[in-house]
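*Asks:* This one is data39.txt, compact mmCIF, C-alpha atoms.
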# COMPACT_ATOMS: atom_id res chain seq x y z
CA MET A 1 0.00 0.00 0.00
CA ASN A 2 1.46 3.36 -0.99
CA ILE A 3 1.29 6.66 0.91
CA THR A 4 -1.50 8.07 -1.26
CA GLU A 5 -3.74 5.13 -0.49
CA GLU A 6 -3.10 5.47 3.24
CA LYS A 7 -4.23 9.10 3.22
CA ILE A 8 -7.64 8.35 1.78
CA LEU A 9 -8.41 5.55 4.20
CA LYS A 10 -9.59 5.98 7.76
CA PRO A 11 -7.56 4.82 10.79
CA ALA A 12 -7.69 1.12 11.55
CA THR A 13 -10.74 0.17 13.59
CA ASP A 14 -9.61 -0.82 17.06
CA ASN A 15 -11.64 -3.54 18.75
CA SER A 16 -10.91 -2.03 22.15
CA LEU A 17 -12.78 1.12 21.07
CA LYS A 18 -15.79 -0.89 19.95
CA ILE A 19 -15.75 -2.85 23.20
CA ALA A 20 -15.61 0.41 25.18
CA ILE A 21 -18.60 1.79 23.24
CA TRP A 22 -20.55 -1.38 23.97
CA LEU A 23 -19.61 -1.08 27.64
CA TYR A 24 -20.88 2.51 27.57
CA LEU A 25 -24.22 1.20 26.24
CA LEU A 26 -24.42 -1.57 28.87
CA LEU A 27 -23.70 0.87 31.68
CA TRP A 28 -26.40 3.17 30.31
CA ILE A 29 -28.93 0.34 30.58
CA PHE A 30 -27.73 -1.13 33.88
CA GLU A 31 -26.45 1.92 35.79
CA GLY A 32 -29.74 2.07 37.70
CA ALA A 33 -29.57 -1.64 38.52
CA LEU A 34 -26.13 -1.09 40.03
CA ARG A 35 -27.36 1.86 42.09
CA LYS A 36 -30.53 0.12 43.30
CA TRP A 37 -29.84 -3.61 43.60
CA ILE A 38 -26.18 -4.52 43.29
CA LEU A 39 -24.08 -1.71 44.81
CA PRO A 40 -26.59 0.55 46.58
CA SER A 41 -23.94 1.87 48.98
CA LEU A 42 -22.12 3.34 45.96
CA ALA A 43 -25.21 4.93 44.45
CA THR A 44 -23.74 8.45 44.36
CA PRO A 45 -20.31 7.60 42.85
CA LEU A 46 -22.05 5.42 40.26
CA LEU A 47 -23.66 8.55 38.82
CA VAL A 48 -20.42 9.00 36.89
CA VAL A 49 -19.79 5.31 36.19
CA ARG A 50 -19.61 5.97 32.42
CA ASP A 51 -17.17 8.86 32.76
CA PRO A 52 -14.01 6.68 32.92
CA ILE A 53 -15.21 4.83 29.82
CA ALA A 54 -15.73 8.15 28.04
CA ILE A 55 -12.24 9.30 29.02
CA TYR A 56 -10.73 6.05 27.72
CA ILE A 57 -12.64 6.32 24.41
CA ILE A 58 -11.44 9.89 23.85
CA ILE A 59 -7.81 9.11 24.69
CA ARG A 60 -7.80 5.97 22.54
CA ALA A 61 -9.45 7.80 19.64
CA LEU A 62 -6.83 10.55 19.83
CA TYR A 63 -4.06 7.96 19.84
CA LEU A 64 -5.54 6.26 16.77
CA ASN A 65 -5.86 9.66 15.04
CA TYR A 66 -9.63 9.71 14.68
CA LYS A 67 -10.69 13.18 13.52
CA PHE A 68 -13.52 13.98 15.92
CA LEU A 69 -12.39 17.52 16.78
CA ASN A 70 -14.79 19.47 14.61
CA THR A 71 -16.76 22.72 14.85
CA TYR A 72 -19.28 21.21 17.26
CA THR A 73 -16.82 19.62 19.68
CA VAL A 74 -14.42 22.57 19.70
CA ALA A 75 -17.24 25.09 20.23
CA GLY A 76 -18.71 22.92 22.99
CA VAL A 77 -15.36 22.73 24.76
CA ILE A 78 -14.72 26.49 24.45
CA PHE A 79 -18.18 27.47 25.74
CA THR A 80 -17.90 25.02 28.63
CA LEU A 81 -14.37 25.98 29.69
CA PHE A 82 -15.27 29.68 29.70
CA GLY A 83 -18.41 28.84 31.66
CA LEU A 84 -16.34 26.85 34.16
CA ALA A 85 -13.84 29.70 34.55
CA ILE A 86 -16.64 32.20 35.23
CA THR A 87 -18.26 29.77 37.67
CA LEU A 88 -15.08 29.33 39.69
CA THR A 89 -14.16 33.04 39.74
CA PHE A 90 -17.47 34.92 39.88
CA GLY A 91 -20.11 32.21 40.39
CA HIS A 92 -20.86 29.60 43.04
CA GLY A 93 -17.16 28.67 43.19
CA ASN A 94 -17.64 24.96 43.92
CA LEU A 95 -15.03 23.08 41.87
CA PHE A 96 -16.75 19.68 42.09
CA VAL A 97 -20.14 21.06 41.04
CA GLY A 98 -18.53 22.96 38.17
CA LEU A 99 -16.63 19.91 36.94
CA TYR A 100 -19.74 17.74 37.21
CA GLY A 101 -21.54 20.17 34.91
CA ALA A 102 -18.57 20.56 32.56
CA ARG A 103 -18.14 16.80 32.02
CA ILE A 104 -21.31 16.71 29.89
CA MET A 105 -19.69 18.61 27.01
CA LEU A 106 -16.05 17.78 27.72
CA LEU A 107 -16.32 13.99 28.14
CA HIS A 108 -19.60 12.76 26.67
CA PHE A 109 -20.48 15.07 23.78
CA PRO A 110 -17.35 14.17 21.72
CA LEU A 111 -18.37 10.49 21.84
CA ILE A 112 -21.12 11.24 19.31
CA PHE A 113 -18.51 11.79 16.62
CA ILE A 114 -16.17 9.04 17.79
CA ILE A 115 -18.97 6.46 17.67
CA GLY A 116 -19.80 7.78 14.22
CA GLN A 117 -16.27 7.07 13.00
CA VAL A 118 -15.61 3.80 14.83
CA PHE A 119 -18.91 2.02 14.17
CA THR A 120 -19.97 0.64 10.78
CA LYS A 121 -23.54 0.04 9.65
CA GLU A 122 -23.23 -3.59 10.72
CA ASP A 123 -22.17 -2.47 14.20
CA VAL A 124 -25.28 -0.30 14.36
CA LEU A 125 -27.47 -3.24 13.34
CA LYS A 126 -25.80 -5.50 15.92
CA MET A 127 -26.61 -2.96 18.59
CA GLY A 128 -30.15 -2.82 17.25
CA ARG A 129 -30.60 -6.59 17.49
CA PHE A 130 -29.18 -6.47 21.01
CA LEU A 131 -31.75 -3.82 21.97
CA LEU A 132 -34.53 -6.04 20.61
CA VAL A 133 -33.36 -8.82 22.94
CA MET A 134 -33.01 -6.39 25.86
CA ASN A 135 -36.54 -5.17 25.16
CA ILE A 136 -37.90 -8.62 26.06
CA LEU A 137 -35.83 -8.88 29.24
CA MET A 138 -36.55 -5.28 30.26
CA THR A 139 -40.29 -5.73 29.86
CA LEU A 140 -40.19 -8.80 32.11
CA VAL A 141 -38.60 -6.61 34.79
CA VAL A 142 -41.19 -3.89 34.16
CA TYR A 143 -44.03 -6.41 34.41
CA PHE A 144 -42.92 -7.64 37.83
CA GLN A 145 -42.39 -4.05 39.00
CA TYR A 146 -45.89 -3.22 37.78
CA ILE A 147 -47.67 -6.04 39.64
CA SER A 148 -45.49 -5.93 42.78
CA PRO A 149 -46.03 -3.61 45.75
CA GLN A 150 -43.71 -0.63 46.03
CA THR A 151 -42.17 -2.23 49.10
CA ALA A 152 -40.91 -5.21 47.07
CA PHE A 153 -37.18 -5.53 46.39
CA ILE A 154 -37.69 -5.15 42.65
CA ASN A 155 -39.17 -1.69 43.28
CA ILE A 156 -36.51 -0.51 45.71
CA GLY A 157 -35.14 2.97 45.17
CA ILE A 158 -31.68 4.43 44.64
CA GLY A 159 -29.26 3.51 47.40
CA GLY A 160 -31.53 0.66 48.51
CA GLU A 161 -34.00 3.07 50.10
CA GLY A 162 -37.62 3.90 49.42
CA SER A 163 -39.19 3.15 46.07
CA ALA A 164 -38.07 3.87 42.51
CA GLY A 165 -41.67 3.93 41.28
CA PHE A 166 -43.21 7.24 40.29
CA SER A 167 -46.81 8.44 40.60
CA GLY A 168 -49.09 6.73 38.08
CA ALA A 169 -52.82 5.99 38.23
CA MET A 170 -55.38 3.72 39.89
CA GLY A 171 -52.90 2.71 42.59
CA TYR A 172 -50.21 1.65 40.10
CA SER A 173 -46.84 3.42 39.90
CA ARG A 174 -44.74 4.10 36.82
CA PRO A 175 -41.95 1.48 36.79
CA PRO A 176 -38.32 2.41 36.01
CA GLY A 177 -37.11 -0.99 34.79
CA THR A 178 -33.36 -1.30 35.33
CA PHE A 179 -32.99 2.49 35.24
CA SER A 180 -32.78 4.83 38.21
CA PHE A 181 -35.97 6.66 37.28
CA THR A 182 -38.89 6.18 34.90
CA SER A 183 -37.39 8.72 32.46
CA GLY A 184 -34.71 6.18 31.59
CA LEU A 185 -37.29 3.54 30.73
CA VAL A 186 -39.21 5.97 28.52
CA ILE A 187 -36.21 6.70 26.30
CA PHE A 188 -35.17 3.03 26.29
CA TYR A 189 -38.41 2.09 24.54
CA ALA A 190 -37.91 4.92 22.05
CA ALA A 191 -34.49 3.42 21.21
CA VAL A 192 -36.00 -0.05 20.86
CA SER A 193 -38.75 1.24 18.57
CA VAL A 194 -36.11 2.56 16.15
CA PHE A 195 -35.00 -0.97 15.33
CA VAL A 196 -38.47 -2.52 15.52
CA PHE A 197 -39.58 -0.15 12.76
CA TYR A 198 -36.34 -0.49 10.82
CA PHE A 199 -36.25 -4.29 10.67
CA TRP A 200 -39.91 -4.40 9.65
CA LEU A 201 -39.25 -1.99 6.78
CA SER A 202 -35.75 -2.99 5.61
CA LYS A 203 -34.22 -6.04 3.99
CA ASP A 204 -31.37 -6.28 6.51
CA TYR A 205 -31.23 -9.50 8.47
CA CYS A 206 -32.97 -9.94 11.79
CA SER A 207 -34.38 -13.17 13.18
CA LYS A 208 -38.10 -13.18 12.47
CA ILE A 209 -38.80 -14.83 15.81
CA LEU A 210 -36.85 -12.07 17.59
CA LEU A 211 -38.53 -9.30 15.57
CA TYR A 212 -42.07 -10.62 16.10
CA THR A 213 -41.49 -11.30 19.80
CA SER A 214 -39.89 -7.92 20.40
CA THR A 215 -42.68 -6.15 18.50
CA ILE A 216 -45.38 -7.76 20.63
CA THR A 217 -43.32 -7.05 23.74
CA LEU A 218 -43.03 -3.35 22.84
CA ILE A 219 -46.79 -3.07 22.35
CA ILE A 220 -47.36 -4.70 25.73
CA ALA A 221 -44.70 -2.56 27.41
CA LEU A 222 -46.00 0.88 26.43
CA PRO A 223 -49.14 0.91 28.61
CA LEU A 224 -47.17 -0.77 31.41
CA THR A 225 -44.97 2.34 31.60
CA ILE A 226 -48.06 4.50 32.37
CA SER A 227 -46.11 7.21 30.56
CA ARG A 228 -47.46 9.46 27.82
CA GLY A 229 -43.85 10.35 26.97
CA ALA A 230 -43.07 6.72 26.13
CA VAL A 231 -45.97 6.51 23.67
CA VAL A 232 -45.13 9.89 22.11
CA GLY A 233 -41.47 8.89 21.74
CA VAL A 234 -42.42 5.75 19.82
CA LEU A 235 -44.94 7.66 17.69
CA ILE A 236 -42.29 10.22 16.72
CA VAL A 237 -39.92 7.44 15.66
CA GLY A 238 -42.79 5.87 13.70
CA LEU A 239 -43.41 9.18 11.91
CA PHE A 240 -39.76 9.40 10.90
CA ALA A 241 -39.95 5.79 9.68
CA ILE A 242 -42.96 6.61 7.49
CA ILE A 243 -41.27 9.70 6.01
CA ALA A 244 -38.09 7.74 5.25
CA SER A 245 -39.84 4.76 3.69
CA VAL A 246 -42.51 6.38 1.50
CA THR A 247 -40.40 6.28 -1.64
CA THR A 248 -42.18 3.73 -3.85
CA PHE A 249 -45.65 2.22 -4.20
CA LYS A 250 -44.25 -1.06 -2.93
CA MET A 251 -43.07 0.60 0.29
CA VAL A 252 -46.45 2.33 0.74
CA PHE A 253 -48.14 -1.07 0.44
CA LYS A 254 -45.68 -2.49 2.96
CA LEU A 255 -46.41 0.35 5.40
CA VAL A 256 -50.16 -0.26 5.11
CA PHE A 257 -49.63 -3.98 5.69
CA ILE A 258 -47.46 -3.35 8.77
CA GLY A 259 -50.03 -0.89 10.11
CA ILE A 260 -52.77 -3.52 9.74
CA VAL A 261 -50.57 -6.11 11.52
CA PHE A 262 -49.95 -3.73 14.43
CA TYR A 263 -53.66 -2.90 14.64
CA PHE A 264 -54.72 -6.56 14.85
CA LEU A 265 -51.97 -7.30 17.37
CA ILE A 266 -53.41 -4.61 19.65
CA ILE A 267 -56.96 -5.95 19.17
CA ILE A 268 -55.84 -9.52 19.97
CA LEU A 269 -53.88 -8.43 23.05
CA GLN A 270 -56.81 -6.33 24.24
CA GLN A 271 -59.09 -9.33 23.86
CA TYR A 272 -56.96 -12.12 25.29
CA SER A 273 -54.33 -10.51 27.57
CA THR A 274 -55.56 -9.53 31.01
CA ILE A 275 -52.43 -7.56 31.87
CA PHE A 276 -52.56 -5.63 28.58
CA ARG A 277 -56.23 -4.81 29.10
CA LEU A 278 -55.58 -3.69 32.69
CA SER A 279 -52.48 -1.64 31.86
CA THR A 280 -54.30 0.06 28.97
CA GLU A 281 -57.10 1.05 31.34
CA VAL A 282 -54.61 2.40 33.88
CA PHE A 283 -52.73 4.27 31.14
CA MET A 284 -55.90 5.92 29.81
CA HIS A 285 -56.90 6.86 33.35
CA ARG A 286 -53.50 8.51 33.73
CA VAL A 287 -54.00 10.41 30.45
CA ASP A 288 -57.45 11.62 31.51
CA ALA A 289 -56.16 12.74 34.90
CA ALA A 290 -53.25 14.59 33.30
CA ASN A 291 -55.56 16.29 30.81
CA LYS A 292 -57.86 17.50 33.61
CA SER A 293 -54.89 18.83 35.57
CA THR A 294 -53.82 20.88 32.52
CA SER A 295 -57.22 22.55 32.06
CA GLY A 296 -58.61 20.15 29.51
CA GLY A 297 -57.47 19.14 26.06
CA GLY A 298 -56.87 15.73 24.57
CA PHE A 299 -53.86 13.47 24.68
CA LYS A 300 -52.44 15.02 21.52
CA ASP A 301 -53.04 18.58 22.68
CA SER A 302 -51.55 18.16 26.15
CA ILE A 303 -48.39 16.46 24.89
CA GLY A 304 -48.01 18.75 21.87
CA LEU A 305 -48.44 21.92 23.88
CA ARG A 306 -46.03 20.72 26.54
CA MET A 307 -43.33 19.95 23.97
CA LEU A 308 -43.91 23.29 22.25
CA ASN A 309 -43.74 25.19 25.53
CA ASP A 310 -40.60 23.30 26.58
CA LEU A 311 -38.97 24.42 23.34
CA ILE A 312 -40.19 28.02 23.04
CA ASP A 313 -40.39 29.28 26.64
CA PRO A 314 -36.70 28.77 27.49
CA ILE A 315 -35.64 30.50 24.25
CA VAL A 316 -37.83 33.49 25.10
CA ASN A 317 -36.59 33.50 28.70
CA LEU A 318 -32.98 33.19 27.54
CA PHE A 319 -32.88 36.91 26.82
CA LYS A 320 -33.92 37.63 30.38
CA GLN A 321 -30.64 36.12 31.59
CA PRO A 322 -27.40 38.07 32.05
CA LEU A 323 -24.78 37.80 29.32
CA PHE A 324 -22.61 35.64 31.58
CA VAL A 325 -23.67 33.44 34.52
CA GLY A 326 -21.45 31.35 36.80
CA ASN A 327 -23.80 28.52 37.73
CA LEU A 328 -22.25 25.60 35.81
CA GLY A 329 -23.39 22.30 37.32
CA MET A 330 -26.01 23.92 39.54
CA GLY A 331 -28.79 22.82 37.21
CA THR A 332 -28.05 19.12 37.74
CA ASN A 333 -29.61 17.13 40.60
CA ALA A 334 -26.18 16.09 41.85
CA GLY A 335 -24.94 19.69 41.74
CA ALA A 336 -28.05 20.91 43.57
CA GLN A 337 -27.53 18.31 46.28
CA MET A 338 -23.87 19.28 46.74
CA LEU A 339 -24.78 22.97 47.00
CA SER A 340 -28.03 22.84 48.97
CA GLY A 341 -28.17 19.36 50.48
CA LYS A 342 -31.42 18.65 48.60
CA ILE A 343 -32.29 17.25 45.18
CA LYS A 344 -34.27 20.05 43.55
CA PHE A 345 -34.22 22.32 40.50
CA LEU A 346 -32.02 25.26 41.47
CA VAL A 347 -31.93 26.60 37.92
CA ALA A 348 -34.71 25.20 35.68
CA GLU A 349 -36.40 21.89 34.93
CA GLY A 350 -36.21 22.19 31.13
CA GLU A 351 -32.92 21.69 29.31
CA PHE A 352 -32.73 25.05 27.55
CA GLY A 353 -33.64 26.78 30.80
CA ARG A 354 -30.83 24.90 32.53
CA LEU A 355 -28.25 25.87 29.92
CA ALA A 356 -29.28 29.53 29.97
CA GLY A 357 -29.47 29.64 33.76
CA GLU A 358 -26.08 27.97 34.21
CA GLN A 359 -24.04 29.90 31.63
CA GLY A 360 -26.04 32.94 30.50
CA ILE A 361 -26.91 34.28 27.07
CA VAL A 362 -23.47 34.01 25.49
CA PHE A 363 -22.22 30.56 26.46
CA GLY A 364 -25.52 28.93 27.46
CA GLY A 365 -27.17 30.34 24.35
CA GLY A 366 -24.21 29.17 22.30
CA LEU A 367 -24.73 25.58 23.50
CA ILE A 368 -28.44 25.78 22.70
CA VAL A 369 -27.71 26.96 19.15
CA LEU A 370 -25.01 24.31 18.76
CA ARG A 371 -27.39 21.49 19.72
CA ILE A 372 -30.20 22.77 17.49
CA PHE A 373 -27.86 23.06 14.50
CA LEU A 374 -26.45 19.58 15.10
CA ALA A 375 -29.93 18.01 15.20
CA ILE A 376 -31.08 19.85 12.07
CA SER A 377 -27.83 19.02 10.26
CA ILE A 378 -27.99 15.25 10.80
CA ALA A 379 -31.71 15.18 9.96
CA ILE A 380 -31.14 17.00 6.65
CA LYS A 381 -28.13 14.83 5.77
CA SER A 382 -30.15 11.70 6.46
CA LEU A 383 -33.12 12.84 4.41
CA ARG A 384 -30.93 13.78 1.43
CA LEU A 385 -29.41 10.31 1.12
CA PRO A 386 -30.57 8.05 -1.71
CA LYS A 387 -33.79 6.24 -0.86
CA GLU A 388 -32.06 2.91 -0.25
CA GLU A 389 -29.57 4.48 2.19
CA LYS A 390 -31.60 6.97 4.21
CA LEU A 391 -33.97 4.56 5.99
CA LEU A 392 -31.66 3.66 8.90
CA PRO A 393 -30.16 7.08 9.73
CA PHE A 394 -33.46 8.95 9.36
CA ILE A 395 -35.37 6.54 11.60
CA ILE A 396 -32.66 6.89 14.23
CA CYS A 397 -33.07 10.67 13.86
CA GLY A 398 -36.59 10.17 15.20
CA SER A 399 -35.06 9.50 18.61
CA ALA A 400 -31.69 11.25 18.34
CA CYS A 401 -32.83 14.70 17.18
CA VAL A 402 -35.41 15.07 19.95
CA ALA A 403 -32.81 13.98 22.50
CA ILE A 404 -30.20 16.39 21.15
CA ILE A 405 -32.54 19.38 21.19
CA GLN A 406 -34.72 18.77 24.25
CA GLY A 407 -33.04 15.92 26.13
CA GLN A 408 -32.27 16.78 29.75
CA TRP A 409 -28.55 16.05 29.63
CA ALA A 410 -28.19 16.90 33.31
CA GLN A 411 -29.86 13.50 33.91
CA PRO A 412 -27.27 10.73 33.34
CA SER A 413 -29.64 8.26 31.65
CA VAL A 414 -30.91 10.86 29.18
CA LEU A 415 -27.35 12.01 28.48
CA GLY A 416 -26.19 8.46 27.73
CA TYR A 417 -29.18 7.82 25.47
CA SER A 418 -28.62 11.06 23.55
CA ILE A 419 -24.94 10.33 22.96
CA ILE A 420 -25.55 6.74 21.85
CA MET A 421 -28.41 7.49 19.45
CA ALA A 422 -26.70 10.54 17.92
CA GLY A 423 -23.53 8.47 17.49
CA LEU A 424 -25.50 5.73 15.73
CA VAL A 425 -26.90 8.31 13.32
CA MET A 426 -23.36 9.47 12.52
CA ALA A 427 -22.22 5.89 11.98
CA SER A 428 -25.11 5.08 9.65
CA LEU A 429 -24.57 8.27 7.61
CA LYS A 430 -21.08 7.42 6.45
CA LYS A 431 -19.98 4.99 3.79
CA ASP A 432 -17.79 2.28 5.27
CA GLU A 433 -14.17 2.37 4.20
CA ILE A 434 -11.37 -0.17 4.37
CA PRO A 435 -9.40 0.40 7.60
CA LEU A 436 -5.66 0.55 7.81
CA GLN A 437 -4.14 -2.55 9.36
CA LYS A 438 -1.10 -1.10 11.11
CA ASN A 439 -0.10 1.18 13.96
CA ILE A 440 -3.21 0.31 16.00
CA LEU A 441 -1.42 -0.83 19.17
Output the file's structure in the form of structure tokens.
*Replies:*
Amino acid sequence: MNITEEKILKPATDNSLKIAIWLYLLLWIFEGALRKWILPSLATPLLVVRDPIAIYIIIRALYLNYKFLNTYTVAGVIFTLFGLAITLTFGHGNLFVGLYGARIMLLHFPLIFIIGQVFTKEDVLKMGRFLLVMNILMTLVVYFQYISPQTAFINIGIGGEGSAGFSGAMGYSRPPGTFSFTSGLVIFYAAVSVFVFYFWLSKDYCSKILLYTSTITLIIALPLTISRGAVVGVLIVGLFAIIASVTTFKMVFKLVFIGIVFYFLIIILQQYSTIFRLSTEVFMHRVDAANKSTSGGGFKDSIGLRMLNDLIDPIVNLFKQPLFVGNLGMGTNAGAQMLSGKIKFLVAEGEFGRLAGEQGIVFGGGLIVLRIFLAISIAIKSLRLPKEEKLLPFIICGSACVAIIQGQWAQPSVLGYSIIMAGLVMASLKKDEIPLQKNIL
């Protein structure tokens, strides 16, 4: 191989990097299990259990000369470092709180682009098949959490205390699965739905038994979550799947067929599954109660208005903030506990409100713009691909873009989900190249 050939090829794929990325995924799924059931005494340190993996991935990627330092990562680092400097000199001054907030952009955000370079399409599909298997196992956990009292071990809370269940309806609580809180379970099912839709619509291999079983499991799981967000997340992914696949009459026919299959599956489950019938009733009761508490409106209106308000209100309120604010890390639950001794929202509950409240108009606003541009960019790139290539990346965009723009990255589970799904979009966008086979050790 001559020098010219070496320049046009990417660095050799290192298995240790792929293993580290898989470990990052596993810790995303099982971090809550570690904090609740296995190592409850280490619940607080385990909040950053993925951080060492992120550090290793970055260092290894730099050593292997992966080019992940781009406009997004450099801007994110600059905004964050300036925000940290202001925090330590003119703000709350707590180094540990500041570093905890800074790690989001310094350690985790760059992984989006590293995953995009290290993973191939086949790696993405392997992760998808794994998520289909995990869907079945996760829903078994959720089922037992659903039918068990909140005092049962399976429903124990973080640190082995209290309950991890969250208010639901009709005496049933929203289960968290293996996650610390129910928010983690909600986004898990959104990730699973990406590959349920994809393998139904594509020609890529997936065991039919696994696909059918995981599809039925997902349908059963959604009402068990008692979460409107879980249903909306799956519907958004489904919308992206429809947009990506409506390219020929044959695909339209396939979509109609799949829709009919899903419809009859729901009818059959409603007729013959007691737990599905019960959980659907509880879920609808929860929807009705939530609608009444928000001054009326249907399921679509309440969710749509909430998402719209979460997006618009913080942008409007951004200009009410000072140009520079030294509150980095204060908007996270861990940061709030270190500063006040209590887990509460010291800055804002929404993500844009947190960014603006922590770093002000200049740097907080810069991060908001950066995330919006990244989400729009990958969505447009996915949609512009040829029809046979855009299906996978654009369906993943259905989960990744929402997580990039509105995901509450101060929450570790949401942060991990956002990084993984955005990274998978990046990986599925590129054309695989032949790796170099030297200088990888």
*Asks:* Show me the residues close to (-47.0, 3.9, 34.3) - anything with an atom within 12 Å, counting only C-alpha atoms - and format the list as a PyMOL selection string.
*Replies:* chain A and resi 142-143+145-147+165-177+181-183+185-186+221-231+278-287
*Asks:* Nearest to Ala190 (chain A): which of A:Val402, A:Ile260, A:Ile38, A:Val133 is it, counting only C-alpha atoms?
*Replies:*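 For Ala190 (chain A), the nearest of the given residues is A:Val402.
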*Asks:* Quick one: of A:Ser163, A:Met426, A:Ile21, A:Ile219, who's nearest to Gln150 (chain A), counting all atoms listed in the file?
*Replies:*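 Answer, going by the shortest atom-to-atom distance: A:Ser163.
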*Asks:* List the residues sitting within 6 Å of (-28.7, 12.3, 9.8) in the file's frame, using only C-alpha atoms, as a ChimeraX atom specification.
*Replies:* /A:378-379,381-382,393-394,425
*Asks:* For a test of reading the model, state the distance in Å between CA of Thr213 (chain A) and CA of Tyr198 (chain A), rounded to one decimal.
*Replies:*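 Computed distance, CA of Thr213 (chain A) to CA of Tyr198 (chain A), equals 15.0 Å.
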*Asks:* Quote the spacing between CA of Gly157 (chain A) and CA of Thr332 (chain A) in Å to one decimal place.
*Replies:* 19.1 Å
*Asks:* To one decimal in Å, tell me the separation between CA of Ala348 (chain A) and CA of Gly365 (chain A).
*Replies:* 14.5 Å
*Asks:* Find the residues near Val196 (chain A): any atom within 8 Å, counting all atoms listed in the file, skip ones fewer than 4 places away on the same chain, and give them as a PyMOL selection string.
*Replies:* chain A and resi 132+192+200+211+214-215
*Asks:* I'd like the neighbourhood of Phe79 (chain A) as a list in words, where a residue qualifies if any of its atoms comes within 8 Å (using only C-alpha atoms), though same-chain residues fewer than 5 positions away should be ignored.
*Replies:*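 So, after excluding close chain neighbours, the residues are Phe363, Gly364, Gly366 and Leu367 of chain A.
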*Asks:* From the list A:Ala289, A:Ile242, A:Met338, A:Ala356, which residue is nearest Leu323 (chain A) when using all atoms listed in the file?
*Replies:*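 Checking each of A:Ala289, A:Ile242, A:Met338, A:Ala356 against Leu323 (chain A), counting all atoms listed in the file, the winner is A:Ala356.
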*Asks:* Between A:Gly160, A:Pro386, A:Gly353, A:Gly184, which is the closest to Thr247 (chain A) once you count all atoms listed in the file?
*Replies:*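 Closest residue, counting all atoms listed in the file: A:Pro386.
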*Asks:* I need the residue nearest Leu42 (chain A) from this list: A:Ala241, A:Ile19, A:Ala102, A:Ile158. Use all atoms listed in the file for the distance.
*Replies:*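 Counting all atoms listed in the file, the residue closest to Leu42 (chain A) is A:Ile158.
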*Asks:* Would you kindly return, as a list in words, each protein, DNA or RNA residue with an atom no farther than 12 Å from any atom of Ile59 (chain A), considering all atoms listed in the file and excluding same-chain residues fewer than 4 positions away?
*Replies:* Ser16, Leu17, Ala20, Pro52, Ile53, Ala54, Ile55, Tyr63, Leu64, Asn65, Tyr66, Phe68, Leu107, Pro110, Leu111 and Ile114 of chain A
*Asks:* Which neighbours of Ala400 (chain A) fall inside 8 Å, counting only C-alpha atoms, when residues of the same chain fewer than 5 positions from it are skipped, and could you give them as a ChimeraX atom specification?
*Replies:* /A:375,418,421-422,425
*Asks:* With only C-alpha atoms as the basis for distance, which of A:Leu255, A:Leu415, A:Leu84, A:Ile216 is at the shortest distance from Glu358 (chain A)?
*Replies:*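 For Glu358 (chain A), the nearest of the given residues is A:Leu84.
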*Asks:* Can you tell me which residues surround Gly128 (chain A) at a distance of at most 10 Å, considering only C-alpha atoms, apart from same-chain residues fewer than 2 positions away, and format the answer as a list in words?
*Replies:*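 What passes the distance filter is Glu122, Asp123, Val124, Leu125, Lys126, Phe130, Leu131, Leu132, Val133, Met134, Ala191, Val192, Ser193, Val194, Phe195, Val196, Tyr198, Phe199, Cys206 and Leu424 of chain A.
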